[in-house]
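Participant: This is my_file_28.cif, which holds mmCIF, C-alpha atoms:
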```cif
data_upload
loop_
_atom_site.label_atom_id
_atom_site.label_comp_id
_atom_site.auth_asym_id
_atom_site.auth_seq_id
_atom_site.Cartn_x
_atom_site.Cartn_y
_atom_site.Cartn_z
CA MET A 1 137.72 114.93 -176.86
CA LYS A 2 135.08 117.58 -177.57
CA ARG A 3 137.17 120.14 -175.70
CA PHE A 4 140.29 119.04 -177.58
CA TYR A 5 138.55 119.71 -180.92
CA LEU A 6 137.02 122.98 -179.77
CA ILE A 7 140.34 124.38 -178.53
CA GLY A 8 142.25 122.94 -181.50
CA PHE A 9 140.01 124.34 -184.21
CA THR A 10 139.70 127.72 -182.45
CA LEU A 11 143.51 128.00 -182.27
CA LEU A 12 143.83 126.91 -185.90
CA LEU A 13 141.35 129.55 -186.98
CA ALA A 14 143.14 132.21 -184.90
CA PHE A 15 146.55 131.40 -186.43
CA ASP A 16 145.13 131.25 -189.96
CA THR A 17 143.45 134.61 -189.46
CA LEU A 18 146.62 136.15 -187.98
CA ASN A 19 148.52 134.88 -191.01
CA LEU A 20 146.03 136.36 -193.43
CA LEU A 21 145.76 139.77 -191.76
CA CYS A 22 149.53 140.10 -191.41
CA PHE A 23 150.08 139.12 -195.05
CA LYS A 24 147.62 141.74 -196.17
CA ALA A 25 149.18 144.40 -193.93
CA ALA A 26 152.74 143.40 -194.94
CA GLY A 27 151.81 143.89 -198.60
CA ALA A 28 150.09 147.21 -197.95
CA HIS A 29 153.05 148.60 -195.99
CA ALA A 30 155.55 147.64 -198.68
CA LEU A 31 153.81 149.42 -201.57
CA PRO A 32 154.57 150.07 -204.37
CA LEU A 33 154.81 146.44 -205.47
CA GLU A 34 157.93 145.76 -207.51
CA MET A 35 160.26 142.87 -208.23
CA SER A 36 163.25 144.35 -206.46
CA THR A 37 165.41 143.97 -203.38
CA ALA A 38 164.07 147.35 -202.23
CA TRP A 39 160.58 145.89 -202.10
CA LEU A 40 161.79 142.77 -200.24
CA LEU A 41 163.62 145.01 -197.76
CA ARG A 42 160.43 147.00 -197.20
CA VAL A 43 158.48 143.77 -196.64
CA PHE A 44 160.97 142.46 -194.09
CA SER A 45 161.55 145.78 -192.31
CA HIS A 46 157.97 145.88 -191.00
CA PRO A 47 156.87 143.57 -188.18
CA TRP A 48 153.87 142.35 -190.20
CA VAL A 49 155.70 139.74 -192.23
CA TYR A 50 156.96 138.11 -189.01
CA GLY A 51 153.37 137.93 -187.77
CA ALA A 52 152.47 136.13 -191.00
CA ILE A 53 155.33 133.64 -190.50
CA ALA A 54 154.30 133.11 -186.85
CA GLY A 55 150.77 132.43 -188.08
CA TYR A 56 152.05 129.77 -190.49
CA ILE A 57 154.12 128.03 -187.82
CA GLY A 58 151.34 128.19 -185.21
CA ALA A 59 148.78 126.83 -187.66
CA PHE A 60 151.09 123.99 -188.66
CA VAL A 61 151.84 122.95 -185.05
CA THR A 62 148.13 123.13 -184.20
CA TRP A 63 147.14 121.13 -187.29
CA MET A 64 149.65 118.35 -186.54
CA SER A 65 148.37 118.18 -182.95
CA LEU A 66 144.75 118.00 -184.13
CA LEU A 67 145.55 115.25 -186.63
CA LYS A 68 146.85 113.03 -183.85
CA HIS A 69 143.21 112.30 -183.01
CA ALA A 70 141.00 114.00 -185.61
CA PRO A 71 139.97 112.02 -188.71
CA ILE A 72 141.48 113.77 -191.74
CA GLY A 73 138.29 113.90 -193.88
CA PRO A 74 136.05 115.86 -191.48
CA ALA A 75 138.99 117.84 -190.03
CA PHE A 76 140.14 119.08 -193.44
CA ALA A 77 136.58 120.14 -194.27
CA ALA A 78 136.19 121.91 -190.90
CA SER A 79 139.42 123.86 -191.44
CA HIS A 80 137.59 125.74 -194.23
CA LEU A 81 135.83 127.86 -191.63
CA GLU A 82 138.78 130.12 -192.42
CA VAL A 83 137.03 131.05 -195.68
CA VAL A 84 134.16 132.54 -193.66
CA THR A 85 136.36 134.52 -191.25
CA ALA A 86 138.52 135.76 -194.13
CA MET A 87 135.41 137.02 -195.89
CA ALA A 88 134.07 138.72 -192.78
CA LEU A 89 137.42 140.39 -192.06
CA SER A 90 137.98 141.53 -195.63
CA TRP A 91 134.62 143.26 -195.46
CA TRP A 92 134.99 144.62 -191.93
CA VAL A 93 138.69 145.55 -191.69
CA PHE A 94 139.58 146.21 -195.32
CA SER A 95 136.14 147.40 -196.55
CA GLU A 96 136.27 145.03 -199.51
CA PRO A 97 132.95 144.26 -201.23
CA VAL A 98 131.22 140.98 -200.38
CA THR A 99 128.52 139.62 -202.71
CA LEU A 100 125.22 138.03 -201.68
CA THR A 101 126.29 134.76 -203.30
CA GLN A 102 129.40 134.76 -201.10
CA ILE A 103 127.31 135.34 -197.98
CA ALA A 104 125.07 132.42 -199.02
CA GLY A 105 128.17 130.23 -199.55
CA ALA A 106 129.48 131.21 -196.11
CA GLY A 107 126.13 130.16 -194.64
CA VAL A 108 126.42 126.75 -196.34
CA ILE A 109 129.97 126.30 -194.96
CA VAL A 110 128.77 127.14 -191.43
CA ALA A 111 125.86 124.68 -191.80
CA GLY A 112 128.34 121.97 -192.84
CA ILE A 113 130.56 122.66 -189.82
CA VAL A 114 127.54 122.50 -187.50
CA CYS A 115 126.82 119.02 -188.96
CA LEU A 116 130.44 117.98 -188.36
CA ALA A 117 130.30 119.26 -184.76
CA LEU A 118 127.03 117.36 -184.19
CA ALA A 119 128.61 114.25 -185.74
CA GLU A 120 131.48 114.43 -183.21
CA GLY A 121 129.08 115.10 -180.37
CA SER A 122 127.02 112.01 -181.16
CA ALA A 123 129.92 109.75 -182.19
CA LYS A 124 130.58 106.87 -179.84
CA PRO A 125 134.26 106.21 -179.27
CA ALA A 126 135.01 103.63 -181.94
CA GLY A 127 138.12 101.57 -182.37
CA THR A 128 138.80 102.09 -186.03
CA ASP A 129 138.00 105.74 -186.25
CA SER A 130 140.75 108.02 -185.21
CA SER A 131 143.93 106.33 -186.26
CA ALA A 132 145.38 103.81 -188.64
CA ASN A 133 146.42 101.43 -185.89
CA GLY A 134 143.22 101.47 -183.99
CA CYS A 135 144.41 103.26 -180.87
CA LEU A 136 141.79 105.68 -179.67
CA PRO A 137 141.64 108.22 -176.94
CA ASN A 138 138.15 108.29 -175.52
CA THR A 139 138.25 111.31 -173.32
CA MET B 1 139.43 123.85 -219.91
CA HIS B 2 142.76 123.93 -221.69
CA GLY B 3 144.98 120.79 -221.59
CA LEU B 4 147.70 122.36 -219.45
CA ALA B 5 145.14 123.73 -216.99
CA LEU B 6 143.63 120.26 -216.68
CA ALA B 7 147.07 118.72 -216.04
CA LEU B 8 147.79 121.37 -213.39
CA TRP B 9 144.44 120.79 -211.77
CA ILE B 10 145.04 117.01 -211.54
CA ALA B 11 148.50 117.73 -210.07
CA TYR B 12 146.88 120.11 -207.57
CA VAL B 13 144.32 117.55 -206.35
CA LEU B 14 146.93 114.76 -206.11
CA LEU B 15 149.52 116.91 -204.30
CA ASP B 16 147.03 118.50 -201.89
CA THR B 17 145.44 115.15 -201.03
CA GLY B 18 148.83 113.42 -200.84
CA GLY B 19 150.23 116.14 -198.58
CA GLN B 20 147.33 115.95 -196.13
CA LEU B 21 147.52 112.16 -196.02
CA ALA B 22 151.27 112.34 -195.36
CA PHE B 23 150.62 114.76 -192.45
CA LYS B 24 147.98 112.39 -191.10
CA ALA B 25 150.39 109.45 -191.39
CA ALA B 26 153.03 111.47 -189.50
CA ALA B 27 150.55 112.53 -186.81
CA VAL B 28 149.05 109.12 -185.99
CA ASP B 29 152.30 107.26 -185.39
CA ASP B 30 151.81 106.00 -181.84
CA ARG B 31 155.50 105.50 -181.19
CA ALA B 32 156.00 109.26 -181.39
CA GLY B 33 154.94 109.94 -177.77
CA ASP B 34 153.94 113.45 -176.69
CA GLY B 35 155.09 117.05 -176.59
CA LEU B 36 158.56 117.93 -177.80
CA ALA B 37 159.61 114.30 -178.06
CA ARG B 38 156.73 113.76 -180.50
CA TRP B 39 158.00 116.59 -182.70
CA ARG B 40 161.55 115.29 -182.61
CA TYR B 41 160.25 111.87 -183.62
CA MET B 42 158.03 113.23 -186.43
CA LEU B 43 160.77 115.50 -187.81
CA GLY B 44 163.12 112.52 -187.93
CA ARG B 45 160.76 110.51 -190.15
CA ALA B 46 159.93 110.93 -193.84
CA TRP B 47 156.15 111.50 -193.67
CA ILE B 48 156.14 115.06 -192.37
CA TRP B 49 158.79 116.06 -194.95
CA ILE B 50 156.80 114.44 -197.75
CA GLY B 51 153.81 116.50 -196.57
CA ILE B 52 155.85 119.73 -196.48
CA GLY B 53 157.31 118.93 -199.93
CA CYS B 54 153.79 118.41 -201.33
CA TYR B 55 152.76 121.75 -199.83
CA VAL B 56 155.57 123.68 -201.45
CA ALA B 57 154.71 121.99 -204.78
CA VAL B 58 150.97 122.72 -204.30
CA PHE B 59 151.79 126.38 -203.80
CA MET B 60 153.63 126.56 -207.14
CA VAL B 61 151.01 124.49 -209.00
CA TRP B 62 148.20 126.66 -207.58
CA ILE B 63 149.86 129.89 -208.73
CA ALA B 64 150.43 128.41 -212.20
CA PHE B 65 146.84 127.10 -212.33
CA LEU B 66 145.35 130.47 -211.35
CA SER B 67 147.33 132.18 -214.09
CA LEU B 68 145.35 130.08 -216.61
CA VAL B 69 141.94 129.87 -214.94
CA PRO B 70 139.83 132.62 -213.30
CA LEU B 71 139.93 132.55 -209.47
CA SER B 72 136.24 131.68 -209.18
CA GLU B 73 136.74 128.53 -211.28
CA GLY B 74 139.91 127.69 -209.42
CA VAL B 75 138.16 127.84 -206.05
CA LEU B 76 135.27 125.80 -207.45
CA LEU B 77 137.68 123.01 -208.35
CA ALA B 78 139.47 123.34 -205.00
CA ALA B 79 136.23 122.24 -203.33
CA ILE B 80 136.78 118.83 -204.93
CA ASN B 81 139.89 118.35 -202.77
CA ILE B 82 137.66 118.30 -199.70
CA VAL B 83 135.75 115.34 -201.13
CA ALA B 84 138.95 113.63 -202.37
CA ILE B 85 140.47 113.82 -198.86
CA MET B 86 137.25 112.44 -197.32
CA VAL B 87 137.36 109.41 -199.66
CA ALA B 88 141.10 108.87 -199.12
CA GLY B 89 140.65 109.04 -195.32
CA ARG B 90 137.97 106.38 -195.55
CA PHE B 91 140.19 103.95 -197.44
CA LEU B 92 143.63 104.65 -195.99
CA PHE B 93 142.79 105.46 -192.37
CA HIS B 94 139.50 103.54 -192.01
CA GLU B 95 137.64 106.69 -191.00
CA ARG B 96 133.94 106.07 -190.54
CA LEU B 97 131.72 108.06 -192.85
CA THR B 98 128.47 108.46 -190.95
CA PRO B 99 125.60 110.19 -192.81
CA LEU B 100 126.04 113.30 -190.61
CA ARG B 101 129.77 113.49 -191.39
CA VAL B 102 129.22 113.06 -195.12
CA THR B 103 126.48 115.71 -195.09
CA GLY B 104 128.75 118.12 -193.21
CA ILE B 105 131.71 117.56 -195.54
CA LEU B 106 129.58 117.91 -198.71
CA LEU B 107 128.00 121.11 -197.36
CA VAL B 108 131.43 122.63 -196.66
CA ALA B 109 132.62 121.67 -200.17
CA ALA B 110 129.46 123.16 -201.72
CA GLY B 111 129.82 126.32 -199.61
CA VAL B 112 133.45 126.81 -200.72
CA ALA B 113 132.37 126.36 -204.36
CA ILE B 114 129.53 128.90 -203.92
CA VAL B 115 131.87 131.47 -202.31
CA GLY B 116 134.23 130.95 -205.26
CA ALA B 117 131.45 131.29 -207.82
CA GLY B 118 130.24 134.51 -206.16
CA SER B 119 133.59 136.29 -206.26
#
```
Turn this file's structure into structure tokens for me.
Facilitator:
Amino acid sequence: MKRFYLIGFTLLLAFDTLNLLCFKAAGAHALPLEMSTAWLLRVFSHPWVYGAIAGYIGAFVTWMSLLKHAPIGPAFAASHLEVVTAMALSWWVFSEPVTLTQIAGAGVIVAGIVCLALAEGSAKPAGTDSSANGCLPNT
Amino acid sequence: MHGLALALWIAYVLLDTGGQLAFKAAAVDDRAGDGLARWRYMLGRAWIWIGIGCYVAVFMVWIAFLSLVPLSEGVLLAAINIVAIMVAGRFLFHERLTPLRVTGILLVAAGVAIVGAGS
């Protein structure tokens, strides 16, 4: 089960990040921004927008697979690791400014996810935990 | 906060939480099986479509909300969804809330709020 979560959340993060980067690039390649068919044509004539769509679909399929076993409360919280990678990439790839407060917030998010990972590591397989009808995989 | 912004924010929390719970309900149906058959089963039932419908609505509500409220405040309030979904999971799906899980979830929510406040 630990491997299932590790692979699942890594894939989810990868698809979310792909989606974000492609969206940003699709917008940048279609400049200037305008409410016109010319702008839409520019957006759809570059491969970036298809990467963004692929990211959406991949993230959705991964999320639905994760939810088969993962409890929704902790899983939804853990999916916010995307906030941290988005921040890092916006600084690194797009040279956008990042504030100290944001770095502190990212640290708090990471600390929370470490707690959630430890909680899964120490959780005993329990009957009522992972699904409404009490069926639990204990691998 | 302005009355309309408050109404949009309540709609946002309800739709986001409702959408995630609908996805969870679709995903835990044991009769669905595995692989492609599971997807065919899920796509033939209402839950996944309710979830997708909520998501489309959330998208519109979020854009409308952000046109009234600064992004930093918007993100701050979005952190509340994390807690709302934790509570809903406890009651609807009997998810155990161990102290370590609650600590982790609250830290993530606080972190998201701090990132929002710092932008």
Participant: Taking all atoms listed in the file into account, report as a ChimeraX atom specification which residues of chain B lie within 9 Å of chain A.
Facilitator: /B:20-21,23-30,82-90,92-119
Participant: Mind giving me the straight-line distance from atom CA of Leu68 of chain B to atom CA of Leu4 of chain B in Å, one decimal?
Facilitator: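 Atom-to-atom, atom CA of Leu68 of chain B to atom CA of Leu4 of chain B, that is 8.6 Å.
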Participant: For atom CA of Leu36 of chain B and atom CA of Gly8 of chain A, determine how far apart the two atoms are, in Å to one decimal place.
Facilitator: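 Pair atom CA of Leu36 of chain B / atom CA of Gly8 of chain A returns 17.5 Å.
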Participant: Expand the PyMOL selection byres ((chain B and resi 65) around 10) into the individual residues it matches in the shown file, reporting them as a list in words.
Facilitator: Leu4, Ala5, Leu6, Ala7, Leu8, Trp9, Ala11, Tyr12, Phe59, Met60, Val61, Trp62, Ile63, Ala64, Leu66, Ser67, Leu68, Val69, Pro70, Leu71 and Gly74 of chain B
Participant: Taking (148.1, 141.4, -194.9) in the file's own coordinates, collect the residues within 10 Å, counting only C-alpha atoms, and hand them back as a PyMOL selection string.
Facilitator: chain A and resi 17-29+48-49+51-52+94
Participant: Enter the distance from atom CA of Val56 of chain B to atom CA of Leu11 of chain A, in Å, rounded to one decimal.
Facilitator: 23.1 Å
Participant: Evaluating the PyMOL selection byres ((chain B and resi 54) around 8) on the displayed file yields which residues, as JSON, numbers by chain?
Facilitator: {"B": [15, 16, 18, 19, 50, 51, 52, 53, 55, 56, 57, 58]}
Participant: Keeping C-alpha atoms for every residue in the selection just given, could you write it to a file as an mmCIF file, in the coordinates of the input?
Facilitator:
```
data_model
loop_
_atom_site.group_PDB
_atom_site.id
_atom_site.type_symbol
_atom_site.label_atom_id
_atom_site.label_comp_id
_atom_site.auth_asym_id
_atom_site.auth_seq_id
_atom_site.Cartn_x
_atom_site.Cartn_y
_atom_site.Cartn_z
ATOM 1 C CA LEU B 15 149.520 116.910 -204.300
ATOM 2 C CA ASP B 16 147.030 118.500 -201.890
ATOM 3 C CA GLY B 18 148.830 113.420 -200.840
ATOM 4 C CA GLY B 19 150.230 116.140 -198.580
ATOM 5 C CA ILE B 50 156.800 114.440 -197.750
ATOM 6 C CA GLY B 51 153.810 116.500 -196.570
ATOM 7 C CA ILE B 52 155.850 119.730 -196.480
ATOM 8 C CA GLY B 53 157.310 118.930 -199.930
ATOM 9 C CA TYR B 55 152.760 121.750 -199.830
ATOM 10 C CA VAL B 56 155.570 123.680 -201.450
ATOM 11 C CA ALA B 57 154.710 121.990 -204.780
ATOM 12 C CA VAL B 58 150.970 122.720 -204.300
#
```
Participant: From the set B:Val13, B:Met42, B:His2, B:Trp47, which residue has the shortest atom-to-atom contact distance to Val75 of chain B, counting only C-alpha atoms?
Facilitator: B:Val13
Participant: Identify, on the basis of all atoms listed in the file, every residue whose closest approach to Leu40 of chain A does not exceed 12 Å; exclude the query and any residue fewer than 3 positions from it along the same chain; express the result as a PyMOL selection string.
Facilitator: chain A and resi 26-27+29-37+43-46+49
Participant: Filtering to C-alpha atoms, could you give me those residues as a PDB file, keeping the file's coordinate frame?
Facilitator:
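And here is the file that came out, out11.pdb:
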```
ATOM      1  CA  ALA A  26     152.740 143.400-194.940  1.00  0.00           C
ATOM      2  CA  GLY A  27     151.810 143.890-198.600  1.00  0.00           C
ATOM      3  CA  HIS A  29     153.050 148.600-195.990  1.00  0.00           C
ATOM      4  CA  ALA A  30     155.550 147.640-198.680  1.00  0.00           C
ATOM      5  CA  LEU A  31     153.810 149.420-201.570  1.00  0.00           C
ATOM      6  CA  PRO A  32     154.570 150.070-204.370  1.00  0.00           C
ATOM      7  CA  LEU A  33     154.810 146.440-205.470  1.00  0.00           C
ATOM      8  CA  GLU A  34     157.930 145.760-207.510  1.00  0.00           C
ATOM      9  CA  MET A  35     160.260 142.870-208.230  1.00  0.00           C
ATOM     10  CA  SER A  36     163.250 144.350-206.460  1.00  0.00           C
ATOM     11  CA  THR A  37     165.410 143.970-203.380  1.00  0.00           C
ATOM     12  CA  VAL A  43     158.480 143.770-196.640  1.00  0.00           C
ATOM     13  CA  PHE A  44     160.970 142.460-194.090  1.00  0.00           C
ATOM     14  CA  SER A  45     161.550 145.780-192.310  1.00  0.00           C
ATOM     15  CA  HIS A  46     157.970 145.880-191.000  1.00  0.00           C
ATOM     16  CA  VAL A  49     155.700 139.740-192.230  1.00  0.00           C
TER      17      VAL A  49
END
```
Participant: Return the padded bounding box of segment 11-27 of chain A as JSON: axis-aligned, built from all atoms listed in the file, 4 Å added on each side, with centre and edge lengths in Å to one decimal.
Facilitator:
```
{"center_x": 147.0, "center_y": 135.7, "center_z": -190.4, "size_x": 19.4, "size_y": 25.5, "size_z": 24.3}
```
Participant: Please return segment 33-64 of chain A, rebuilt to N, CA and C atoms, as a CSV table (one decimal), keeping the file's coordinate frame.
Facilitator:
```csv
chain,number,residue,atom,x,y,z
A,33,LEU,N,154.4,147.8,-205.2
A,33,LEU,CA,154.8,146.4,-205.5
A,33,LEU,C,155.8,146.5,-206.6
A,34,GLU,N,157.0,145.9,-206.4
A,34,GLU,CA,157.9,145.8,-207.5
A,34,GLU,C,158.8,144.6,-207.3
A,35,MET,N,159.4,144.0,-208.3
A,35,MET,CA,160.3,142.9,-208.2
A,35,MET,C,161.7,143.4,-208.0
A,36,SER,N,161.9,143.8,-206.7
A,36,SER,CA,163.2,144.4,-206.5
A,36,SER,C,163.7,144.0,-205.0
A,37,THR,N,165.0,144.2,-204.7
A,37,THR,CA,165.4,144.0,-203.4
A,37,THR,C,164.9,145.1,-202.5
A,38,ALA,N,164.6,146.3,-203.0
A,38,ALA,CA,164.1,147.4,-202.2
A,38,ALA,C,162.7,147.0,-201.7
A,39,TRP,N,161.9,146.3,-202.5
A,39,TRP,CA,160.6,145.9,-202.1
A,39,TRP,C,160.7,144.8,-201.0
A,40,LEU,N,161.6,143.8,-201.2
A,40,LEU,CA,161.8,142.8,-200.2
A,40,LEU,C,162.2,143.4,-198.9
A,41,LEU,N,163.1,144.4,-199.0
A,41,LEU,CA,163.6,145.0,-197.8
A,41,LEU,C,162.5,145.7,-197.0
A,42,ARG,N,161.6,146.3,-197.8
A,42,ARG,CA,160.4,147.0,-197.2
A,42,ARG,C,159.5,146.0,-196.5
A,43,VAL,N,159.3,144.8,-197.2
A,43,VAL,CA,158.5,143.8,-196.6
A,43,VAL,C,159.0,143.3,-195.3
A,44,PHE,N,160.4,143.0,-195.3
A,44,PHE,CA,161.0,142.5,-194.1
A,44,PHE,C,161.3,143.5,-193.0
A,45,SER,N,161.2,144.8,-193.3
A,45,SER,CA,161.6,145.8,-192.3
A,45,SER,C,160.3,146.1,-191.5
A,46,HIS,N,159.1,145.7,-191.8
A,46,HIS,CA,158.0,145.9,-191.0
A,46,HIS,C,157.7,144.6,-190.2
A,47,PRO,N,157.1,144.8,-189.0
A,47,PRO,CA,156.9,143.6,-188.2
A,47,PRO,C,155.8,142.6,-188.8
A,48,TRP,N,155.0,143.1,-189.7
A,48,TRP,CA,153.9,142.4,-190.2
A,48,TRP,C,154.3,141.0,-190.8
A,49,VAL,N,155.3,141.0,-191.6
A,49,VAL,CA,155.7,139.7,-192.2
A,49,VAL,C,156.1,138.7,-191.2
A,50,TYR,N,156.6,139.1,-190.0
A,50,TYR,CA,157.0,138.1,-189.0
A,50,TYR,C,155.7,137.6,-188.3
A,51,GLY,N,154.7,138.4,-188.3
A,51,GLY,CA,153.4,137.9,-187.8
A,51,GLY,C,152.8,136.9,-188.7
A,52,ALA,N,153.0,137.1,-190.0
A,52,ALA,CA,152.5,136.1,-191.0
A,52,ALA,C,153.2,134.8,-190.8
A,53,ILE,N,154.5,134.9,-190.7
A,53,ILE,CA,155.3,133.6,-190.5
A,53,ILE,C,154.9,132.9,-189.2
A,54,ALA,N,154.7,133.7,-188.1
A,54,ALA,CA,154.3,133.1,-186.8
A,54,ALA,C,153.0,132.4,-187.0
A,55,GLY,N,152.1,133.0,-187.8
A,55,GLY,CA,150.8,132.4,-188.1
A,55,GLY,C,150.9,131.1,-188.8
A,56,TYR,N,151.8,131.0,-189.8
A,56,TYR,CA,152.0,129.8,-190.5
A,56,TYR,C,152.5,128.7,-189.5
A,57,ILE,N,153.5,129.0,-188.7
A,57,ILE,CA,154.1,128.0,-187.8
A,57,ILE,C,153.1,127.6,-186.8
A,58,GLY,N,152.4,128.5,-186.2
A,58,GLY,CA,151.3,128.2,-185.2
A,58,GLY,C,150.3,127.3,-185.8
A,59,ALA,N,149.8,127.6,-187.0
A,59,ALA,CA,148.8,126.8,-187.7
A,59,ALA,C,149.3,125.4,-187.9
A,60,PHE,N,150.5,125.3,-188.3
A,60,PHE,CA,151.1,124.0,-188.7
A,60,PHE,C,151.2,123.1,-187.4
A,61,VAL,N,151.7,123.7,-186.3
A,61,VAL,CA,151.8,123.0,-185.0
A,61,VAL,C,150.5,122.5,-184.6
A,62,THR,N,149.5,123.4,-184.6
A,62,THR,CA,148.1,123.1,-184.2
A,62,THR,C,147.5,122.0,-185.1
A,63,TRP,N,147.7,122.1,-186.4
A,63,TRP,CA,147.1,121.1,-187.3
A,63,TRP,C,147.7,119.7,-187.0
A,64,MET,N,149.0,119.7,-186.8
A,64,MET,CA,149.6,118.4,-186.5
A,64,MET,C,149.2,117.8,-185.2
```
